[in-house]
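First comes the structure, then the notes that go with it.
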Amino acid sequence: MNCTIPNTHKRLFEAHRLWHQSLENYFDPEGFRVNINATIQALRNLTFALQAEKEKIKDFDSWYPFWQSRMKNDQIMKWLNEARVQIVHQRDLETQSQANVLIHSYFNLMEYKFTVPPLLPSEIIARRAKILIKEKVDIPEHQLKECVAVVERRWVAEDLPDWEILDALSYGFNFVKDIVRDAHKQSGNEYFECPLHDSLHSLTYDDITGHYSCMKVSTTFRTQNIVLGNFQERTFETHPVKMTDEMILAAKKRYSPKTFMQLPVNSSPEPFIFADSLNQTALQVLKKDKYHQWIQFIRIPGKGWELHSVLPEDKSDKFLIMKELAQYVKETEADCIIDINEAWISGDLDAIKSGTPVSETKDKEEALWISVITSDGKSRNYTTKFQRGYFGNIKFSETQISEGNPGYYLKPILEVWQDRNESKSK
Ligand SMILES: [Zn+2]
Ligand SMILES: [Zn+2]
């Protein structure tokens with residue numbers, strides 16, 4: 001069977017391709033302008049093609065008005081139509097390139113919105129934001145320079161200020177895609193049986209029946225993290241560690257089998273029971289390796305515990321990691337985290353306040369630190385101080401356990417849970 005409405009159908013492929021080209025040209029104002037103009041026209045041309053192929057569509061005159069009135073009553077479809085009229089009259093869209101800037105440590109400190117030339121480097125925008133925050137907030141330079149500015153660039157049309165342009169075009173695309181699907185059906189041809197295929201990239205059933213996943217542009221590609229100390233970009237992504245059989249075997253060989261016997265056999269143990277045994281295991285790993293990597297166990301409903309491992313190089317990395325983890329917790333709806341790390345602890349608060357790193361205070365001590373937090377507000381810390389002997393051998397003090405009072409660095413995750421609980425209780 002051939003496609004019953006090939007001209008219409010091909011216009012859909014065209015719009016899809018042009019949308020991707022707009023995305024590729026996001027940071028090239030001229031390329032972006034040309035491609036969004038073309039995408040807008042392609043979307044509109046599709047409806048013209050549809051009308052030209054109306055003979056193929058059963059009861060077109062009673063079928064099409066339904067879609068027409070839906071388009072008329074839709075904010076984005078209306079905007080697209082007006083934008084296209086403007087473009088064919090050789091006038092460009094009035095667009096604005098904006099930058100939203102968030103400055104954060106473990107805490108969100110300040111947010112700004114700037115209108116900026118599209119080619120202005122994010123570094124310059126971060127410099128501007130740093131000057132502004134210094135005017136408004138009393139924060140010492142040694143702390144501020146470790147903070148991170150998240151610079152998010154966006155293109156907006158002046159008459160659609162709340163929508164990022166590519167998001168609006170993606171919305172419009174998916175809208176007409178549904179018309180094309182329905183038109184296939186109306187012409188006696190199931191969309192999935194149509195021999196015409198989009199050759200740009202493969203699409204899933206969910207893409208076609210729902211919203212194309214390639215167009216759900218996460219903000220990541222237009223967002224940069226700039227460290228306020230050197231104004232360099234920093235990236236950090238955390239991923240779960242996949243435990244392979246080889247890894248488990250190697251671990252069993254390296255540490256005594258006893259090390260792992262303490263872990264509960266049940267694959268989704270209760271958090272505090274799990275944390276008790278992880279504490280024992282971590283102490284043995286530390287004793288053997290002389291160090292313990294920073295790791296997290298994250299519990300995801302329906303999936304169980306996932307292991308994450310991170311390697312920060314400085315404080316700014318740590319800020320980014322906690323932001324990343326918080327985002328991950330949000331997306332996966334995780335409900336518990338067990339964080340395991342080595343830490344310096346010190347009672348010399350005056351030195352710390354004046355900018356001395358904890359590791360350089362006089363009364364510093366090393367500790368293995370495990371923190372458990374759950375989405376329903378429970379928390380517990382395990383602190384085991386230790387000393388290193390001349391040959392590196394490690395001598396532990398007794399583990400101190402304290403309930404409540406989660407570490408301040410866990411704040412980004414606690415905020416996600418707070419928002420979740422608030423929206424649930426509404
Ligand atoms: Zn077709
Ligand atoms: Zn795509």
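In the structure tokens, each chain is lettered A, B, ... as it comes, each chain's residues begin at 1, and ligands are numbered from 1 in order of appearance.
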As a PDB file with all heavy atoms, in the first residue's frame, please: the residues near A:His292 (cut-off 7 Å, only C-alpha atoms, same-chain neighbours under 4 positions excluded).
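Written output follows (out02.pdb):
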```
ATOM      1  N   VAL A 285      36.716  -1.793  54.325  1.00  0.00           N
ATOM      2  CA  VAL A 285      37.287  -1.334  53.050  1.00  0.00           C
ATOM      3  C   VAL A 285      38.343  -0.264  53.324  1.00  0.00           C
ATOM      4  O   VAL A 285      39.444  -0.280  52.768  1.00  0.00           O
ATOM      5  CB  VAL A 285      36.172  -0.794  52.115  1.00  0.00           C
ATOM      6  CG1 VAL A 285      36.770  -0.055  50.922  1.00  0.00           C
ATOM      7  CG2 VAL A 285      35.291  -1.938  51.628  1.00  0.00           C
ATOM      8  N   LEU A 286      38.022   0.651  54.223  1.00  0.00           N
ATOM      9  CA  LEU A 286      38.952   1.726  54.572  1.00  0.00           C
ATOM     10  C   LEU A 286      40.236   1.160  55.196  1.00  0.00           C
ATOM     11  O   LEU A 286      41.343   1.597  54.899  1.00  0.00           O
ATOM     12  CB  LEU A 286      38.258   2.696  55.538  1.00  0.00           C
ATOM     13  CG  LEU A 286      39.054   3.889  56.063  1.00  0.00           C
ATOM     14  CD1 LEU A 286      39.545   4.751  54.899  1.00  0.00           C
ATOM     15  CD2 LEU A 286      38.196   4.742  56.991  1.00  0.00           C
ATOM     16  N   ASN A 341      31.486   8.649  52.944  1.00  0.00           N
ATOM     17  CA  ASN A 341      32.636   9.435  52.535  1.00  0.00           C
ATOM     18  C   ASN A 341      33.639   9.529  53.679  1.00  0.00           C
ATOM     19  O   ASN A 341      33.297   9.349  54.836  1.00  0.00           O
ATOM     20  CB  ASN A 341      32.167  10.850  52.159  1.00  0.00           C
ATOM     21  CG  ASN A 341      33.156  11.569  51.265  1.00  0.00           C
ATOM     22  OD1 ASN A 341      34.206  11.030  50.915  1.00  0.00           O
ATOM     23  ND2 ASN A 341      32.823  12.791  50.908  1.00  0.00           N
ATOM     24  N   GLU A 342      34.874   9.842  53.303  1.00  0.00           N
ATOM     25  CA  GLU A 342      35.842  10.215  54.327  1.00  0.00           C
ATOM     26  C   GLU A 342      35.704  11.703  54.538  1.00  0.00           C
ATOM     27  O   GLU A 342      35.446  12.436  53.589  1.00  0.00           O
ATOM     28  CB  GLU A 342      37.252   9.959  53.807  1.00  0.00           C
ATOM     29  CG  GLU A 342      37.777   8.588  54.064  1.00  0.00           C
ATOM     30  CD  GLU A 342      39.231   8.510  53.611  1.00  0.00           C
ATOM     31  OE1 GLU A 342      40.069   9.245  54.147  1.00  0.00           O
ATOM     32  OE2 GLU A 342      39.497   7.725  52.687  1.00  0.00           O
TER      33      GLU A 342
END
```
Please return as JSON, numbers by chain the residues found within 7 Å of ligand 2, counting only C-alpha atoms and all ligand atoms. {"A": [16, 20, 201, 212, 214, 215]}
Using atom CA of A:Lys303 and atom CA of A:Thr374 as the two end points, give the distance in Å to one decimal. 16.0 Å
Using only C-alpha atoms for the distances, tell me which of A:Asp348, A:Asp314, A:Asp289, A:Glu237 is nearest to A:Ala326. A:Glu237
Please build the interface table for chain A against ligand 1 with a cut-off of 10 Å, listing for each qualifying residue the nearest atom pair and the distance in Å to one decimal; count only C-alpha atoms and all ligand atoms, order rows by chain and increasing number, and write it as CSV.
```
residue,atom,partner,partner_atom_place_in_ligand_line,distance
A:Met1,CA,ligand 1,1 (Zn),9.9
A:Asn2,CA,ligand 1,1 (Zn),7.6
A:Cys3,CA,ligand 1,1 (Zn),4.1
A:Thr4,CA,ligand 1,1 (Zn),6.1
A:Ile5,CA,ligand 1,1 (Zn),5.7
A:Pro6,CA,ligand 1,1 (Zn),5.5
A:Asn7,CA,ligand 1,1 (Zn),8.5
A:Thr8,CA,ligand 1,1 (Zn),7.8
A:His9,CA,ligand 1,1 (Zn),5.1
A:Lys10,CA,ligand 1,1 (Zn),7.8
A:Leu12,CA,ligand 1,1 (Zn),9.7
A:Val180,CA,ligand 1,1 (Zn),8.1
A:Arg181,CA,ligand 1,1 (Zn),8.3
A:Ala183,CA,ligand 1,1 (Zn),9.1
A:His184,CA,ligand 1,1 (Zn),6.5
A:Lys185,CA,ligand 1,1 (Zn),9.9
A:Ser187,CA,ligand 1,1 (Zn),9.9
A:Asn189,CA,ligand 1,1 (Zn),8.0
A:Glu190,CA,ligand 1,1 (Zn),8.5
A:Tyr191,CA,ligand 1,1 (Zn),6.3
A:Phe192,CA,ligand 1,1 (Zn),8.6
A:Glu193,CA,ligand 1,1 (Zn),8.3
A:Cys194,CA,ligand 1,1 (Zn),4.8
A:Pro195,CA,ligand 1,1 (Zn),6.6
A:Leu196,CA,ligand 1,1 (Zn),5.4
A:His197,CA,ligand 1,1 (Zn),8.0
```
Residues just named, written with C-alpha atoms as a compact mmCIF listing (two decimals), in the first residue's frame:
```txt
# COMPACT_ATOMS: atom_id res chain seq x y z
CA MET A 1 0.00 0.00 0.00
CA ASN A 2 1.26 3.50 -0.82
CA CYS A 3 0.97 6.53 1.40
CA THR A 4 -2.42 8.09 0.77
CA ILE A 5 -1.27 11.63 1.54
CA PRO A 6 2.44 11.63 0.60
CA ASN A 7 2.87 15.39 0.24
CA THR A 8 1.46 16.04 3.67
CA HIS A 9 3.44 13.21 5.19
CA LYS A 10 6.73 14.40 3.70
CA LEU A 12 6.18 16.37 8.50
CA VAL A 180 -1.10 13.74 10.09
CA ARG A 181 -1.75 10.54 12.02
CA ALA A 183 -5.48 12.14 8.42
CA HIS A 184 -3.92 8.75 7.62
CA LYS A 185 -6.67 7.02 9.50
CA SER A 187 -7.86 8.19 4.41
CA ASN A 189 -4.54 3.93 6.04
CA GLU A 190 -3.08 3.14 9.44
CA TYR A 191 -0.18 5.48 10.17
CA PHE A 192 2.01 2.62 11.36
CA GLU A 193 1.41 0.73 8.13
CA CYS A 194 2.35 3.68 5.92
CA PRO A 195 5.46 2.80 3.87
CA LEU A 196 6.90 6.31 4.21
CA HIS A 197 9.46 6.49 6.98
```
Hey, what's within 10 Å of stretch 66-73 of chain A if we count only C-alpha atoms and toss same-chain stuff fewer than 4 positions away? As a ChimeraX atom specification, please? /A:47,61-62,77-81,172,175-176,178-179,182
Report as a ChimeraX atom specification: the residues of stretch 280-332 of chain A with a DSSP assignment of strand (DSSP E), based on the backbone of this structure. /A:294-300,304-310
As an exercise, work out the distance from atom CA of A:Ala168 to atom CA of A:Asp198 in Å and give it to one decimal place.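 The value is 21.5 Å.
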A:Arg33 surroundings by only C-alpha atoms, 12 Å radius, close-in-sequence under 2 positions cut, as number ranges by chain: A: 18-19, 21-31, 35-40, 87, 91-97, 118, 155-157, 165-166
